[in-house]
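Novice: Got a structure for you, questions after.
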Amino acid sequence: MSFYVILQNVLEEKGMTVTEAARVCKIPYSTLKSIIRRKSETTTLEIALKISEGLEVPLQQLIGEGETVVKESQLLEKFRLLNKEDQNFILQTVEMVVLKKIKISKNPPKEIELLESFRRLNEEGQKYMLQTMKMAVGTYERKTDNQKREA
């Protein structure tokens, strides 16, 4: 990834303007603005070090070597914002994926679409859907048990 893209992402994540970043990095505003405006692929080591120090970002991240670590830390931050129930759901899903009990396709599965629709419902709608789902699951499970007994 280009230096300017990484720099823009860092500024966005930190909610900083170019002016603020130039001040904390102790480099001229014009230098920082030029990196972004000219879409610089690289910069000098001196400038990269000042930006790294000023923005408190590892140099490896700024030069594109730490992208995986950054993505993992961003995911972890988002995970920590979830309530315990959603955290448990994510952990169970990851465990299932790792154990290859389920496969994740690139297209969102119907379950995810249904879950997103469910979350948009008001509390009364969610209660109704849960009751309906319990009845449907119960009916299907009884049919399966009866079919097994008949065989």
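Letters A, B, ... go to the chains of the structure tokens in the order shown; residues in each chain start at 1; ligands are counted from 1 in the same order.
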Quick one: residues within 12 Å of Val10 (chain A), only C-alpha atoms counted, chain neighbours fewer than 2 positions away excluded, as a PyMOL selection string?

Specialist: chain A and resi 3-8+12-18+21+51-52+54-59+61-64+67+70+74

Novice: Run DSSP on the backbone and tell me which residues of region 23-60 of chain A come out as alpha helix (DSSP H); list them as a VMD selection string.

Specialist: chain A and resid 23 to 25 29 to 37 45 to 55 59 to 60
